[in-house]
file input_1.txt (compact mmCIF, C-alpha atoms)
# COMPACT_ATOMS: atom_id res chain seq x y z
CA MET A 186 33.18 -5.11 50.97
CA ILE A 187 32.87 -2.68 48.06
CA GLU A 188 33.71 -5.49 45.63
CA ILE A 189 30.98 -7.71 47.10
CA LYS A 190 28.39 -4.93 46.78
CA LYS A 191 29.49 -4.32 43.19
CA ASN A 192 29.09 -8.02 42.32
CA LEU A 193 25.66 -8.09 43.95
CA SER A 194 24.61 -5.00 41.98
CA ILE A 195 25.73 -6.58 38.70
CA LYS A 196 23.86 -9.81 39.50
CA LEU A 197 20.73 -7.84 40.41
CA PHE A 198 20.97 -5.84 37.17
CA VAL A 199 21.42 -8.97 35.03
CA THR A 200 18.56 -10.76 36.84
CA THR A 201 16.28 -7.76 36.35
CA ILE A 202 17.05 -7.61 32.61
CA LEU A 203 16.42 -11.35 32.22
CA MET A 204 13.11 -11.08 34.09
CA LEU A 205 12.05 -8.14 31.90
CA ILE A 206 12.83 -10.12 28.75
CA ALA A 207 10.95 -13.15 30.05
CA GLY A 208 8.01 -10.95 31.08
CA PHE A 209 7.93 -9.35 27.63
CA PHE A 210 7.73 -12.70 25.86
CA MET A 211 4.97 -13.80 28.26
CA ILE A 212 2.87 -10.70 27.58
CA VAL A 213 3.34 -10.70 23.77
CA PRO A 214 0.41 -13.13 23.10
CA PHE A 215 -1.87 -10.95 25.21
CA LEU A 216 -0.78 -7.81 23.34
CA TRP A 217 -1.30 -9.55 19.98
CA MET A 218 -4.78 -10.66 21.07
CA LEU A 219 -5.70 -7.13 22.14
CA SER A 220 -4.28 -5.59 18.96
CA THR A 221 -6.05 -8.10 16.70
CA SER A 222 -9.40 -7.37 18.36
CA PHE A 223 -9.17 -3.78 17.04
CA GLN A 224 -7.98 -4.68 13.53
CA THR A 225 -9.86 -5.32 10.31
CA PRO A 226 -9.77 -8.84 8.80
CA SER A 227 -7.22 -7.77 6.18
CA GLU A 228 -4.76 -6.57 8.84
CA VAL A 229 -4.62 -9.70 11.03
CA PHE A 230 -1.52 -11.33 9.53
CA ARG A 231 -0.06 -8.25 7.85
CA GLN A 232 0.79 -5.95 10.77
CA TRP A 233 1.08 -5.88 14.54
CA LEU A 234 -0.75 -2.64 15.24
CA PRO A 235 -4.12 -1.62 13.78
CA SER A 236 -4.10 1.32 11.40
CA ARG A 237 -7.13 2.61 13.33
CA LEU A 238 -9.14 1.34 16.30
CA ASP A 239 -11.99 -0.73 14.87
CA TRP A 240 -14.57 -1.16 17.66
CA SER A 241 -16.96 -3.13 15.48
CA ASN A 242 -15.56 -6.48 16.66
CA HIS A 243 -16.23 -5.65 20.32
CA ILE A 244 -19.65 -4.20 19.57
CA ARG A 245 -20.55 -7.31 17.59
CA ILE A 246 -19.89 -9.79 20.40
CA TRP A 247 -22.03 -7.78 22.83
CA SER A 248 -24.91 -6.68 20.66
CA GLY A 249 -24.83 -8.87 17.56
CA ASN A 250 -26.48 -12.20 16.84
CA TYR A 251 -23.93 -13.86 19.13
CA ASN A 252 -24.45 -11.97 22.40
CA PHE A 253 -21.93 -12.75 25.15
CA LEU A 254 -23.87 -10.98 27.91
CA PRO A 255 -25.78 -14.11 29.12
CA TYR A 256 -22.52 -16.11 29.19
CA TYR A 257 -20.89 -13.34 31.20
CA TRP A 258 -23.73 -13.27 33.71
CA ASN A 259 -23.72 -17.06 34.07
CA SER A 260 -19.94 -17.16 34.63
CA ILE A 261 -20.03 -14.32 37.16
CA LYS A 262 -22.87 -15.97 39.05
CA ILE A 263 -21.15 -19.36 39.21
CA ALA A 264 -17.66 -18.01 39.94
CA VAL A 265 -18.71 -15.53 42.65
CA ILE A 266 -21.04 -17.89 44.55
CA GLY A 267 -18.62 -20.79 44.18
CA THR A 268 -15.61 -18.75 45.31
CA VAL A 269 -17.40 -17.30 48.35
CA GLY A 270 -18.55 -20.79 49.34
CA ALA A 271 -15.12 -22.30 48.73
CA VAL A 272 -13.37 -19.64 50.83
CA PHE A 273 -15.77 -20.06 53.75
CA MET A 274 -15.87 -23.87 53.70
CA SER A 275 -12.11 -24.19 53.19
CA ALA A 276 -11.35 -21.73 55.99
CA LEU A 277 -13.72 -23.52 58.36
CA ALA A 278 -12.24 -26.95 57.56
CA ALA A 279 -8.69 -25.58 57.73
CA TYR A 280 -9.36 -24.16 61.19
CA GLY A 281 -10.63 -27.56 62.33
CA PHE A 282 -7.51 -29.32 61.07
CA ALA A 283 -5.15 -26.65 62.42
CA ARG A 284 -6.65 -25.57 65.75
CA THR A 285 -8.78 -28.39 67.15
CA GLU A 286 -7.46 -31.56 68.72
CA PHE A 287 -9.22 -34.87 68.05
CA LYS A 288 -8.15 -38.45 67.60
CA GLY A 289 -6.99 -39.31 64.09
CA ARG A 290 -6.89 -35.69 62.95
CA ASP A 291 -3.62 -35.94 61.05
CA THR A 292 -4.55 -39.28 59.51
CA LEU A 293 -7.89 -37.89 58.36
CA PHE A 294 -6.17 -34.84 56.91
CA MET A 295 -3.69 -36.99 54.96
CA MET A 296 -6.56 -39.10 53.59
CA TYR A 297 -8.39 -35.92 52.59
CA LEU A 298 -5.25 -34.52 50.99
CA SER A 299 -4.64 -37.73 49.03
CA MET A 300 -7.85 -37.04 47.08
CA MET A 301 -5.92 -34.35 45.19
CA MET A 302 -4.21 -37.17 43.30
CA ILE A 303 -7.53 -38.35 41.82
CA PRO A 304 -8.02 -36.91 38.30
CA PRO A 305 -11.28 -34.93 38.13
CA GLN A 306 -12.29 -36.77 34.95
CA VAL A 307 -12.58 -40.01 36.94
CA VAL A 308 -15.55 -38.72 38.95
CA PHE A 309 -17.56 -37.33 36.04
CA VAL A 310 -19.81 -40.41 35.88
CA PRO A 311 -20.49 -40.57 39.66
CA LYS A 312 -21.19 -36.83 39.61
CA PHE A 313 -23.58 -37.24 36.69
CA ILE A 314 -25.50 -39.98 38.51
CA MET A 315 -25.63 -37.98 41.75
CA PHE A 316 -26.67 -34.72 40.08
CA ASN A 317 -29.34 -36.50 38.10
CA TRP A 318 -30.67 -38.06 41.30
CA LEU A 319 -30.70 -34.63 43.01
CA HIS A 320 -32.38 -33.05 39.94
CA ILE A 321 -29.64 -30.44 39.57
CA TYR A 322 -28.17 -31.77 36.32
CA ASN A 323 -28.23 -29.06 33.65
CA THR A 324 -28.44 -26.34 36.32
CA HIS A 325 -25.79 -23.99 37.62
CA TRP A 326 -25.89 -25.76 40.98
CA ALA A 327 -24.13 -28.70 39.33
CA LEU A 328 -21.10 -26.42 39.01
CA ILE A 329 -21.53 -24.29 42.14
CA LEU A 330 -21.95 -26.98 44.80
CA PRO A 331 -18.82 -29.04 43.95
CA ALA A 332 -16.82 -25.83 43.60
CA MET A 333 -17.56 -24.94 47.23
CA PHE A 334 -15.35 -27.80 48.44
CA SER A 335 -11.69 -27.26 47.60
CA ILE A 336 -9.00 -29.64 48.82
CA PHE A 337 -6.31 -27.20 47.75
CA GLY A 338 -8.02 -24.41 49.69
CA VAL A 339 -8.16 -26.46 52.89
CA PHE A 340 -4.48 -27.37 52.55
CA MET A 341 -3.37 -23.81 51.76
CA LEU A 342 -5.33 -22.14 54.56
CA ARG A 343 -4.41 -24.82 57.10
CA GLN A 344 -0.74 -24.16 56.47
CA PHE A 345 -1.33 -20.45 57.04
CA PHE A 346 -3.35 -21.05 60.21
CA LEU A 347 -0.54 -23.19 61.61
CA GLY A 348 1.75 -20.16 61.33
CA ILE A 349 -0.48 -18.08 63.62
CA PRO A 350 0.86 -18.25 67.21
CA LYS A 351 -1.16 -20.58 69.41
CA GLU A 352 -0.87 -18.11 72.30
CA ILE A 353 -3.45 -15.90 70.54
CA THR A 354 -6.15 -18.56 70.56
CA GLU A 355 -5.17 -19.88 73.98
CA SER A 356 -5.59 -16.45 75.55
CA ALA A 357 -8.95 -16.12 73.80
CA PHE A 358 -10.04 -19.46 75.28
CA LEU A 359 -9.05 -18.22 78.74
CA ASP A 360 -11.26 -15.15 78.19
CA GLY A 361 -14.20 -17.43 77.49
CA ALA A 362 -14.29 -17.30 73.69
CA GLY A 363 -15.46 -20.37 71.78
CA HIS A 364 -14.18 -21.81 68.52
CA PHE A 365 -16.63 -19.92 66.31
CA ARG A 366 -15.86 -16.58 67.96
CA ILE A 367 -12.11 -17.20 67.65
CA PHE A 368 -12.54 -18.23 64.03
CA PHE A 369 -14.53 -15.16 63.00
CA LYS A 370 -12.97 -12.53 65.27
CA LEU A 371 -9.30 -13.60 65.35
CA ILE A 372 -8.32 -16.12 62.68
CA LEU A 373 -10.15 -14.70 59.65
CA PRO A 374 -8.89 -11.10 60.10
CA LEU A 375 -5.31 -12.37 60.47
CA ALA A 376 -5.69 -14.61 57.41
CA LYS A 377 -6.79 -11.89 54.94
CA PRO A 378 -3.69 -12.25 52.71
CA ALA A 379 -4.05 -16.05 52.45
CA ILE A 380 -7.81 -15.84 51.92
CA ALA A 381 -7.43 -13.19 49.19
CA THR A 382 -4.77 -15.26 47.44
CA PHE A 383 -6.91 -18.39 47.51
CA ALA A 384 -9.99 -16.44 46.38
CA ILE A 385 -8.14 -15.11 43.32
CA ILE A 386 -6.83 -18.58 42.42
CA ASP A 387 -10.21 -20.23 42.95
CA PHE A 388 -12.07 -17.54 41.00
CA SER A 389 -9.74 -17.99 38.01
CA TRP A 390 -10.24 -21.78 38.15
CA GLN A 391 -14.01 -21.48 38.16
CA TRP A 392 -14.09 -18.72 35.55
CA ASN A 393 -12.03 -20.86 33.17
CA ASP A 394 -13.73 -24.18 34.00
CA TYR A 395 -14.57 -25.74 30.65
CA GLU A 396 -14.82 -29.47 31.29
CA ASN A 397 -17.46 -29.40 34.06
CA ALA A 398 -19.58 -26.88 32.15
CA LEU A 399 -19.32 -29.02 29.02
CA VAL A 400 -20.41 -32.18 30.84
CA PHE A 401 -23.09 -30.86 33.19
CA LEU A 402 -24.70 -28.07 31.13
CA THR A 403 -26.70 -28.80 28.00
CA SER A 404 -28.98 -25.76 27.62
CA PRO A 405 -27.39 -22.88 25.65
CA GLU A 406 -28.96 -20.28 27.94
CA LEU A 407 -26.95 -21.76 30.85
CA TYR A 408 -23.60 -21.73 29.08
CA THR A 409 -20.60 -20.02 30.65
CA ILE A 410 -17.87 -17.95 28.99
CA PRO A 411 -15.63 -20.96 28.08
CA LEU A 412 -18.53 -22.73 26.34
CA GLY A 413 -19.61 -19.51 24.66
CA LEU A 414 -16.09 -18.95 23.34
CA GLN A 415 -15.88 -22.52 22.07
CA ASN A 416 -19.19 -22.23 20.24
CA PHE A 417 -18.13 -18.90 18.74
CA VAL A 418 -14.89 -20.45 17.47
CA LEU A 419 -16.72 -23.44 15.98
CA GLU A 420 -19.25 -21.24 14.20
CA ASN A 421 -16.75 -18.57 13.10
CA ASN A 422 -13.51 -20.48 12.57
CA VAL A 423 -11.98 -17.78 10.36
CA ASP A 424 -13.21 -14.75 12.30
CA TYR A 425 -9.94 -14.05 14.11
CA ASN A 426 -10.92 -10.49 14.99
CA GLY A 427 -14.14 -11.60 16.66
CA MET A 428 -12.37 -14.44 18.48
CA MET A 429 -9.77 -12.07 19.90
CA ALA A 430 -12.44 -9.53 20.89
CA ALA A 431 -14.37 -12.24 22.73
CA SER A 432 -11.18 -13.54 24.38
CA SER A 433 -10.23 -10.03 25.48
CA ALA A 434 -13.62 -9.55 27.08
CA ALA A 435 -13.35 -12.93 28.81
CA ILE A 436 -10.18 -12.06 30.73
CA VAL A 437 -11.33 -8.65 32.01
CA PRO A 438 -12.92 -9.99 35.26
CA MET A 439 -9.77 -11.95 36.16
CA ILE A 440 -7.61 -8.86 35.67
CA LEU A 441 -9.98 -6.80 37.85
CA ILE A 442 -10.03 -9.44 40.59
CA PHE A 443 -6.23 -9.57 40.60
CA LEU A 444 -5.91 -5.77 40.73
CA ILE A 445 -8.34 -5.62 43.65
CA GLY A 446 -6.65 -8.39 45.64
CA GLN A 447 -2.99 -7.85 44.75
CA LYS A 448 -2.26 -5.75 47.86
CA TYR A 449 -3.29 -8.71 50.04
CA ILE A 450 -1.05 -11.04 48.03
CA ILE A 451 1.88 -8.66 48.51
CA GLN A 452 1.12 -8.50 52.25
CA GLY A 453 1.12 -12.30 52.42
CA ILE A 454 4.45 -12.55 50.60
CA SER A 455 5.95 -9.83 52.81
CA SER A 456 4.76 -11.44 56.04
CA SER A 457 6.06 -14.84 54.91
CA ALA A 458 9.44 -13.29 54.16
CA VAL A 459 9.56 -11.65 57.60
CA LYS A 460 8.63 -14.92 59.32
CA GLY A 461 11.31 -16.75 57.33
call {"tool": "encode", "arguments": {"input": "input_1.txt", "output": "structure tokens"}}
result
Amino acid sequence: MIEIKKNLSIKLFVTTILMLIAGFFMIVPFLWMLSTSFQTPSEVFRQWLPSRLDWSNHIRIWSGNYNFLPYYWNSIKIAVIGTVGAVFMSALAAYGFARTEFKGRDTLFMMYLSMMMIPPQVVFVPKFIMFNWLHIYNTHWALILPAMFSIFGVFMLRQFFLGIPKEITESAFLDGAGHFRIFFKLILPLAKPAIATFAIIDFSWQWNDYENALVFLTSPELYTIPLGLQNFVLENNVDYNGMMAASSAAIVPMILIFLIGQKYIIQGISSSAVKG
């Protein structure tokens, strides 16, 4: 018994060391980006750490000729509204597929799920025609409305809803509760970990969405962070310090969202482990 525990301790130690090494190599590009944003142009390829913190690069991207504030506001607006809509619509659809009985439900769900195999680039032309017809082309609604419907979100939340005991909803039905009351009062509170996890994933997708913004936005004042970064790179292709400062600023919201929602992700992982 002691020998088995010793072997397990050695394996755990080796695994931990390997994970730390892998984590270090994964975080090195981020550390280099952050360090470069505080360096002078002459220090970029000469040293890892700046000799002194040079804030001029960060000040320049916020208050200079190339102001990132409008791009930030546009991205926050699109990502927040789109994520809130995607969470609500996905949860509602997932509840319908998981908790309501109707003919052809599973077949319809499989057909809906099969749409994940369609590359998003294939529907750019149909989207362009439809948005032009609805007069929302070159507006933020061209990005927000499609983002509110997530196939992945419906699939993910449906799987979580299926893990909730049916006895909970059945007893609520016996007490006279309807589907909407059960959805808002019972299912959503129990699904906080899954909803937070999906919200973080969906927010990161929409924050980093480059292709849709490139196709459906033409006015510079409507540009999002990815388009703003691309334009900055094209106009300043040797300004590595400015590029890294802009990139550092671009990832701040995603880090904050993860820090806020990480406790729900941990709860979801813990509850899944207990169920398993």
call {"tool": "axis_aligned_box", "arguments": {"input": "input_1.txt", "around": "range 217-229 of chain A", "padding_each_side": "5 Å", "output": "JSON"}}
result
{"center_x": -5.6, "center_y": -7.2, "center_z": 14.2, "size_x": 18.6, "size_y": 16.9, "size_z": 26.0}
call {"tool": "closest_atom_pairs", "arguments": {"input": "input_1.txt", "of": "range 337-402 of chain A", "to": "range 322-327 of chain A", "cutoff": "12 Å", "atoms": "all atoms listed in the file", "output": "CSV"}}
result
residue,atom,partner,partner_atom,distance
A:Asn397,CA,A:Ala327,CA,8.5
A:Ala398,CA,A:Ala327,CA,8.7
A:Leu399,CA,A:Asn323,CA,10.0
A:Val400,CA,A:Asn323,CA,8.9
A:Phe401,CA,A:Asn323,CA,5.5
A:Leu402,CA,A:Asn323,CA,4.4
call {"tool": "residues_around", "arguments": {"input": "input_1.txt", "residues": "Tyr449 in chain A", "least_positions_apart": "4", "cutoff": "8 Å", "atoms": "only C-alpha atoms", "output": "list in words"}}
result
Lys377, Pro378, Ala379, Ala381, Thr382 and Gly453 of chain A
call {"tool": "closest_residue", "arguments": {"input": "input_1.txt", "among": "A:Val423, A:Met341, A:Ile372, A:Val310", "to": "Ser275 in chain A", "atoms": "all atoms listed in the file"}}
result
A:Met341
call {"tool": "closest_residue", "arguments": {"input": "input_1.txt", "among": "A:Trp217, A:Trp240, A:Phe388, A:Tyr256", "to": "Leu414 in chain A", "atoms": "all atoms listed in the file"}}
result
A:Tyr256
call {"tool": "closest_residue", "arguments": {"input": "input_1.txt", "among": "A:Tyr425, A:Phe273, A:Tyr257, A:Phe337", "to": "Leu412 in chain A", "atoms": "all atoms listed in the file"}}
result
A:Tyr257
call {"tool": "closest_residue", "arguments": {"input": "input_1.txt", "among": "A:Leu234, A:Gly267, A:Pro311, A:Thr354", "to": "Asp394 in chain A", "atoms": "all atoms listed in the file"}}
result
A:Gly267
call {"tool": "atom_distance", "arguments": {"input": "input_1.txt", "atom1": "CA of Ile410 in chain A", "atom2": "CA of Met218 in chain A"}}
result
16.9 Å
call {"tool": "atom_distance", "arguments": {"input": "input_1.txt", "atom1": "CA of Ile442 in chain A", "atom2": "CA of Ile266 in chain A"}}
result
14.4 Å
call {"tool": "closest_residue", "arguments": {"input": "input_1.txt", "among": "A:Thr403, A:Thr201, A:Ser432, A:Asn426", "to": "Pro235 in chain A", "atoms": "only C-alpha atoms"}}
result
A:Asn426
call {"tool": "atom_distance", "arguments": {"input": "input_1.txt", "atom1": "CA of Phe340 in chain A", "atom2": "CA of Ile436 in chain A"}}
result
27.3 Å
call {"tool": "residues_around", "arguments": {"input": "input_1.txt", "residues": "range 294-306 of chain A", "least_positions_apart": "2", "cutoff": "9 Å", "atoms": "only C-alpha atoms", "output": "CSV table (one decimal) with C-alpha atoms, in the frame of the given file"}}
result
chain,number,residue,atom,x,y,z
A,282,PHE,CA,-7.5,-29.3,61.1
A,289,GLY,CA,-7.0,-39.3,64.1
A,290,ARG,CA,-6.9,-35.7,63.0
A,291,ASP,CA,-3.6,-35.9,61.0
A,292,THR,CA,-4.6,-39.3,59.5
A,308,VAL,CA,-15.6,-38.7,39.0
A,309,PHE,CA,-17.6,-37.3,36.0
A,310,VAL,CA,-19.8,-40.4,35.9
A,336,ILE,CA,-9.0,-29.6,48.8
A,337,PHE,CA,-6.3,-27.2,47.8
A,339,VAL,CA,-8.2,-26.5,52.9
A,340,PHE,CA,-4.5,-27.4,52.6
A,396,GLU,CA,-14.8,-29.5,31.3
call {"tool": "residues_around", "arguments": {"input": "input_1.txt", "residues": "Leu342 in chain A", "least_positions_apart": "3", "cutoff": "7 Å", "atoms": "all atoms listed in the file", "output": "MDAnalysis selection string"}}
result
chainID A and resid 276 279 338:339 345:346 379
call {"tool": "residues_near_point", "arguments": {"input": "input_1.txt", "point": "(-17.6, -18.2, 34.2)", "cutoff": "10 Å", "atoms": "all atoms listed in the file", "output": "PyMOL selection string"}}
result
chain A and resi 256-265+388-395+398+408-413+435+438
call {"tool": "closest_residue", "arguments": {"input": "input_1.txt", "among": "A:Ile206, A:Ala434, A:Glu286, A:Asn250", "to": "Glu420 in chain A", "atoms": "all atoms listed in the file"}}
result
A:Asn250
call {"tool": "decode", "arguments": {"input": "input_1.txt", "residues": "range 226-244 of chain A", "atoms": "N, CA, C and O atoms", "output": "compact mmCIF listing (two decimals), in the first residue's frame"}}
result
# COMPACT_ATOMS: atom_id res chain seq x y z
N PRO A 226 11.98 51.37 -29.15
CA PRO A 226 12.23 50.63 -30.40
C PRO A 226 13.59 49.97 -30.46
O PRO A 226 13.73 48.90 -31.05
N SER A 227 14.60 50.54 -29.86
CA SER A 227 15.94 49.96 -29.93
C SER A 227 16.10 48.73 -29.05
O SER A 227 17.08 47.98 -29.20
N GLU A 228 15.16 48.48 -28.15
CA GLU A 228 15.28 47.36 -27.22
C GLU A 228 14.52 46.12 -27.65
O GLU A 228 14.66 45.07 -27.03
N VAL A 229 13.71 46.22 -28.72
CA VAL A 229 12.77 45.15 -29.06
C VAL A 229 13.47 43.82 -29.25
O VAL A 229 13.08 42.79 -28.67
N PHE A 230 14.52 43.76 -30.07
CA PHE A 230 15.18 42.50 -30.39
C PHE A 230 16.53 42.35 -29.67
O PHE A 230 17.30 41.46 -29.99
N ARG A 231 16.78 43.22 -28.71
CA ARG A 231 18.06 43.17 -28.01
C ARG A 231 17.95 42.57 -26.61
O ARG A 231 18.91 42.01 -26.10
N GLN A 232 16.79 42.70 -25.97
CA GLN A 232 16.65 42.24 -24.60
C GLN A 232 15.20 41.86 -24.32
O GLN A 232 14.28 42.28 -25.02
N TRP A 233 15.03 41.02 -23.30
CA TRP A 233 13.70 40.56 -22.94
C TRP A 233 12.95 41.57 -22.09
O TRP A 233 11.75 41.79 -22.29
N LEU A 234 13.63 42.18 -21.13
CA LEU A 234 12.99 43.10 -20.21
C LEU A 234 13.35 44.53 -20.54
O LEU A 234 14.50 44.80 -20.94
N PRO A 235 12.42 45.46 -20.41
CA PRO A 235 12.75 46.87 -20.69
C PRO A 235 13.66 47.43 -19.61
O PRO A 235 13.57 47.07 -18.44
N SER A 236 14.55 48.30 -20.02
CA SER A 236 15.44 48.95 -19.05
C SER A 236 14.65 49.87 -18.13
O SER A 236 15.01 50.09 -16.97
N ARG A 237 13.57 50.43 -18.64
CA ARG A 237 12.63 51.22 -17.84
C ARG A 237 11.25 51.11 -18.49
O ARG A 237 11.15 50.83 -19.68
N LEU A 238 10.21 51.34 -17.69
CA LEU A 238 8.85 51.23 -18.22
C LEU A 238 8.54 52.46 -19.07
O LEU A 238 8.43 53.58 -18.54
N ASP A 239 8.39 52.24 -20.36
CA ASP A 239 8.08 53.33 -21.29
C ASP A 239 6.58 53.29 -21.59
O ASP A 239 6.11 52.45 -22.36
N TRP A 240 5.82 54.20 -20.98
CA TRP A 240 4.36 54.22 -21.14
C TRP A 240 3.91 54.94 -22.41
O TRP A 240 2.72 55.00 -22.69
N SER A 241 4.85 55.47 -23.15
CA SER A 241 4.47 56.27 -24.32
C SER A 241 3.72 55.45 -25.37
O SER A 241 2.84 55.97 -26.07
N ASN A 242 4.06 54.15 -25.49
CA ASN A 242 3.37 53.32 -26.48
C ASN A 242 1.90 53.15 -26.12
O ASN A 242 1.02 53.22 -27.00
N HIS A 243 1.61 52.93 -24.85
CA HIS A 243 0.22 52.77 -24.42
C HIS A 243 -0.54 54.09 -24.50
O HIS A 243 -1.72 54.11 -24.90
N ILE A 244 0.11 55.17 -24.14
CA ILE A 244 -0.54 56.48 -24.23
C ILE A 244 -0.87 56.81 -25.68
O ILE A 244 -1.93 57.37 -26.00
